[in-house]
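Scroll down for the structure; my scribbles are underneath it.
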Amino acid sequence: MIFRQLFDSVSGTYSYVLASRPGGEALILDPVLEKVDRYCQLLRELDLKLVKAVDTHLHADHVTGLGELRDRTHCMTIMGDQSKADVVAMRVSDGDKVTIEGLSLDVMYTPGHTDDSYSYLMGDRVFTGDTLLIRGTGRTDFQNGSSRAQYDSIFNRLLKLPDETLVFPAHDYKGDTVSTIGEEKRYNPRLQVRSVDEYIELMANLKLPNPKMMDVAVPANMHVGLHQEELEKEGRALSAVDAIRSLGRPDILLVDLRETNERAKHGMLEGALHAPYPSIEESLKPGGMLREVAAATGRRVVFFCAFGERSAMAVTAAKEAGLSNTAHIAGGIDAWKKAGGPVVQG
């Protein structure tokens with residue numbers, strides 16, 4: 001396994017690059033906008049292809065690198081269901097898995113610092129975002145934070161993990177890089193409380209100043225969605241209503257870019273071909289499945305995904321590959337369902 005911990009000294013943010021060698025698929029957690037050049041350089045040096053970029057929560061102390069990485073690498077962006085971000089490619093909830101080739105992260109909903117805070121468990125280590133820090137915990141006094149919820153997330157979820165589990169937080173301000181669950185149980189001063197009420201009182205008396213970047217970072221991080229207006233102008237975007245009307249038409253081929261677990265969780269569209277987004281470039285090459293099917297049938301390929309991000313990128317990738325007769329469903333299956341479109345449960 002390839003594992004890199006990267007640091008932004010301005011915001012005290014740790015970002016993590018994970019990969020498993022064979023095909024070179026990589027994932028990054030909590031990227032910082034100003035460090036995107038460095039991440040891209042590292043990916044090139046290690047011969048990795050970034051396929052997923054994940055934020056543990058909506059950050060208030062730095063602008064996320066999600067959007068910039070998506071624009072540069074065409075990776076998927078991922079946040080929790082509760083996130084106030086406008087559009088990400090995939091939203092996850094407690095119990096889901098985030099996978100790349102050879103690696104799987106278990107999704108844990110751990111609210112408290114914010115109402116959209118998640119942790120990600122991978123084997124012997126847990127990425128705790130700002131929920132559990134090294135000898136500290138994330139503040140709970142803004143972005144719908146809750147000391148009660150955080151106590152539950154820490155004491156009833158994270159501290160139930162094996163003591164030897166490595167703790168990799170999203171921030172550190174003292175130079176510590178890693179801890180363990182057992183260490184934090186014993187030495188984290190905020191965890192030496194006897195009750196939830198004592199924890200709430202402790203957190204209420206921290207009296208911390210707002211993060212310096214808060215007024216800039218929060219609005220910016222809420223607007224990371226891919227701009228899709230050009231596709232609409234070019235006639236390459238179908239509204240959900242128009243897509244529903246076209247269901248079953250023999251001249252249209254619906255292509256579902258979502259992952260298998262998303263299809264099982266949120267339902268499928270009847271007759272749609274399944275071609276997960278990470279393999280889109282291979283599918284569009286000469287000899288690739290989508291290219292061959294489109295050529296053999298003459299049908300217009302209409303991509304869709306969860307919210308329209310992956311499908312918009314797929315339309316652009318198809319155009320670059322010389323496949324011009326494509327479009328996507330704006331807003332994805334989320335918009336489809338809201339418009340009353342039928343879905344088939346797997």
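Each chain in the structure tokens gets a letter, A, B and so on, in the order shown; residues start at 1 in every chain, and ligands are counted from 1 in the order they appear.
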
Quick check for you: according to DSSP on this backbone, which residues of stretch 124-189 of chain A are classed as helix (DSSP H, G or I)? Reply as a compact mmCIF listing (two decimals) with N, CA and C atoms, in the first residue's frame.
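The resulting file, part03.txt, is reproduced below:
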```txt
# COMPACT_ATOMS: atom_id res chain seq x y z
N SER A 147 -21.75 19.45 21.08
CA SER A 147 -20.86 18.73 22.01
C SER A 147 -21.47 17.39 22.40
N ARG A 148 -22.79 17.34 22.52
CA ARG A 148 -23.46 16.07 22.87
C ARG A 148 -23.25 15.03 21.76
N ALA A 149 -23.46 15.48 20.51
CA ALA A 149 -23.27 14.57 19.38
C ALA A 149 -21.81 14.13 19.28
N GLN A 150 -20.89 15.07 19.55
CA GLN A 150 -19.47 14.72 19.46
C GLN A 150 -19.08 13.71 20.54
N TYR A 151 -19.59 13.89 21.73
CA TYR A 151 -19.32 12.93 22.81
C TYR A 151 -19.75 11.53 22.37
N ASP A 152 -20.94 11.45 21.78
CA ASP A 152 -21.45 10.16 21.32
C ASP A 152 -20.56 9.59 20.21
N SER A 153 -20.16 10.45 19.27
CA SER A 153 -19.31 10.00 18.16
C SER A 153 -17.97 9.46 18.66
N ILE A 154 -17.41 10.16 19.66
CA ILE A 154 -16.09 9.76 20.17
C ILE A 154 -16.20 8.56 21.09
N PHE A 155 -17.02 8.68 22.12
CA PHE A 155 -17.05 7.64 23.16
C PHE A 155 -17.78 6.37 22.71
N ASN A 156 -18.79 6.51 21.87
CA ASN A 156 -19.59 5.34 21.49
C ASN A 156 -19.28 4.80 20.11
N LEU A 158 -15.76 5.94 18.00
CA LEU A 158 -14.32 5.89 17.75
C LEU A 158 -13.56 5.15 18.86
N LEU A 159 -13.90 5.42 20.11
CA LEU A 159 -13.16 4.79 21.21
C LEU A 159 -13.53 3.32 21.40
N LYS A 160 -14.51 2.83 20.63
CA LYS A 160 -14.85 1.41 20.65
C LYS A 160 -13.95 0.61 19.70
N ILE A 181 -5.89 4.93 19.27
CA ILE A 181 -7.11 5.02 20.09
C ILE A 181 -6.75 4.84 21.57
N GLY A 182 -5.88 3.88 21.87
CA GLY A 182 -5.50 3.64 23.26
C GLY A 182 -4.82 4.84 23.89
N GLU A 183 -3.91 5.47 23.15
CA GLU A 183 -3.23 6.68 23.65
C GLU A 183 -4.23 7.78 23.97
N GLU A 184 -5.16 7.99 23.04
CA GLU A 184 -6.13 9.08 23.24
C GLU A 184 -7.03 8.80 24.43
N LYS A 185 -7.41 7.55 24.63
CA LYS A 185 -8.21 7.19 25.82
C LYS A 185 -7.47 7.59 27.09
N ARG A 186 -6.16 7.34 27.10
CA ARG A 186 -5.40 7.55 28.33
C ARG A 186 -4.93 8.99 28.52
N TYR A 187 -4.54 9.65 27.42
CA TYR A 187 -3.82 10.91 27.57
C TYR A 187 -4.50 12.14 26.98
N PRO A 189 -6.65 15.08 27.18
CA PRO A 189 -7.27 15.73 28.35
C PRO A 189 -8.78 15.95 28.20
```

- request: Name the residues in contact with stretch 217-234 of chain A at a cut-off of 7 Å, using only C-alpha atoms, excluding same-chain residues fewer than 4 positions from it; report them as a ChimeraX atom specification.
  value: /A:58-64,67,84-88,213,309,312

For the selection just defined, write its residues with N, CA and C atoms to a file, as a CSV table (one decimal), in the first residue's frame.
```
chain,number,residue,atom,x,y,z
A,58,LEU,N,-17.3,19.8,5.9
A,58,LEU,CA,-17.2,21.2,5.3
A,58,LEU,C,-16.2,22.0,6.1
A,59,HIS,N,-15.0,22.2,5.6
A,59,HIS,CA,-14.0,22.9,6.4
A,59,HIS,C,-14.2,24.4,6.5
A,60,ALA,N,-13.8,24.9,7.7
A,60,ALA,CA,-13.9,26.4,7.9
A,60,ALA,C,-12.6,27.1,7.9
A,61,ASP,N,-11.5,26.4,7.9
A,61,ASP,CA,-10.2,27.0,8.1
A,61,ASP,C,-9.3,27.0,6.8
A,62,HIS,N,-9.8,26.3,5.7
A,62,HIS,CA,-9.1,26.4,4.4
A,62,HIS,C,-10.1,26.1,3.3
A,63,VAL,N,-9.7,26.5,2.1
A,63,VAL,CA,-10.6,26.2,1.0
A,63,VAL,C,-10.2,24.8,0.5
A,64,THR,N,-11.2,24.0,0.3
A,64,THR,CA,-10.9,22.6,-0.2
A,64,THR,C,-10.3,22.5,-1.6
A,67,GLY,N,-12.7,20.7,-5.8
A,67,GLY,CA,-13.0,21.2,-7.1
A,67,GLY,C,-11.9,21.3,-8.1
A,84,LYS,N,-23.4,20.6,3.2
A,84,LYS,CA,-24.1,21.8,2.6
A,84,LYS,C,-23.4,22.1,1.3
A,85,ALA,N,-22.4,21.4,0.9
A,85,ALA,CA,-21.8,21.7,-0.4
A,85,ALA,C,-22.8,21.5,-1.5
A,86,ASP,N,-22.7,22.3,-2.6
A,86,ASP,CA,-23.8,22.3,-3.6
A,86,ASP,C,-23.9,21.0,-4.3
A,87,VAL,N,-22.8,20.6,-4.9
A,87,VAL,CA,-22.8,19.4,-5.7
A,87,VAL,C,-21.4,18.7,-5.5
A,88,VAL,N,-21.5,17.4,-5.2
A,88,VAL,CA,-20.3,16.5,-5.2
A,88,VAL,C,-20.8,15.3,-6.0
A,213,MET,N,-9.8,32.0,8.4
A,213,MET,CA,-10.3,31.9,7.0
A,213,MET,C,-11.8,31.6,6.9
A,309,GLU,N,-22.4,15.2,-11.8
A,309,GLU,CA,-20.9,15.6,-11.9
A,309,GLU,C,-20.2,14.6,-12.8
A,312,ALA,N,-21.4,14.7,-16.5
A,312,ALA,CA,-21.0,15.9,-17.2
A,312,ALA,C,-19.5,15.7,-17.7
```

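Using only C-alpha atoms, the contacts of stretch 322-333 of chain A at a cut-off of 7 Å, with sequence neighbours closer than 3 positions omitted, comprise Arg236, Ala237, Leu238, Ser239, Ala240, Ala243, Arg300, Val301, Val302, Phe303, Phe304, Cys305, Ala306, Phe307, Gly308, Ser311, Ala312, Val315, Ala318, Lys319, Trp336 and Lys337 of chain A.
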
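You will find atom CA of A:Gly271 at 14.8 Å from atom CA of A:Leu290.
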
- prompt: Nearest to A:Thr177 among A:Val54, A:Ala26, A:Val255, A:Leu6, with distances taken over only C-alpha atoms: which residue is it?
  reply: A:Leu6

statement: If you count only C-alpha atoms, the residue of A:Glu34, A:Asp47, A:Glu68, A:Asp215 closest to A:Ala19 turns out to be A:Asp47

For A:Gly12, the nearest of the candidates A:Asp124, A:Asp334, A:Glu281, A:Asp176, counting only C-alpha atoms: A:Asp176

query: Which is closest to A:Leu247 among A:Ser279, A:Val343, A:Thr260, A:Gly235, if we use only C-alpha atoms?
result: A:Val343

task: Pull the strand (DSSP E) assignments for stretch 95-309 of chain A out of DSSP run on the backbone, and list those residues as a PyMOL selection string.
output: chain A and resi 97-100+103-109+118-122+125-129+132-133+136-137+166-169+179-180+237-238+252-256+273-274+300-304

task: With a distance cut-off of 6 Å and only C-alpha atoms, select the neighbouring residues of stretch 114-122 of chain A, excluding the residue or stretch itself and same-chain residues fewer than 5 positions from it, and output the selection as a ChimeraX atom specification.
output: /A:56-57,82-83,105-109,127-128,143-145

message: With only C-alpha atoms as the counted atoms, please give the residues lying no more than 7 Å from A:Ala275, apart from itself and same-chain residues fewer than 2 positions off, as a PyMOL selection string.
response: chain A and resi 255-257+273+277

Those same residues, written as a compact mmCIF listing (two decimals), in the first residue's frame with N, CA and C atoms?
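Result file follows (result.txt):
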```txt
# COMPACT_ATOMS: atom_id res chain seq x y z
N VAL A 255 -26.69 5.16 -19.91
CA VAL A 255 -25.48 4.58 -19.34
C VAL A 255 -25.32 5.07 -17.90
N ASP A 256 -25.36 4.13 -16.97
CA ASP A 256 -25.28 4.42 -15.54
C ASP A 256 -23.80 4.39 -15.11
N LEU A 257 -23.29 5.54 -14.66
CA LEU A 257 -21.88 5.66 -14.28
C LEU A 257 -21.64 5.40 -12.79
N LEU A 273 -27.36 0.62 -19.28
CA LEU A 273 -26.09 -0.12 -19.28
C LEU A 273 -25.24 0.38 -18.11
N TYR A 277 -17.90 4.98 -13.59
CA TYR A 277 -17.15 6.14 -14.06
C TYR A 277 -15.62 5.96 -14.09
```

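Taking only C-alpha atoms into account, A:Asp55 lies nearest to A:Ala170 out of the set A:Ala170, A:Leu103, A:Val10, A:Met203.
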
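Nearest-residue note for A:Val51: choosing from A:Asp172, A:Glu282, A:Glu25, A:Asp141, the minimum distance belongs to A:Glu25, counting only C-alpha atoms.
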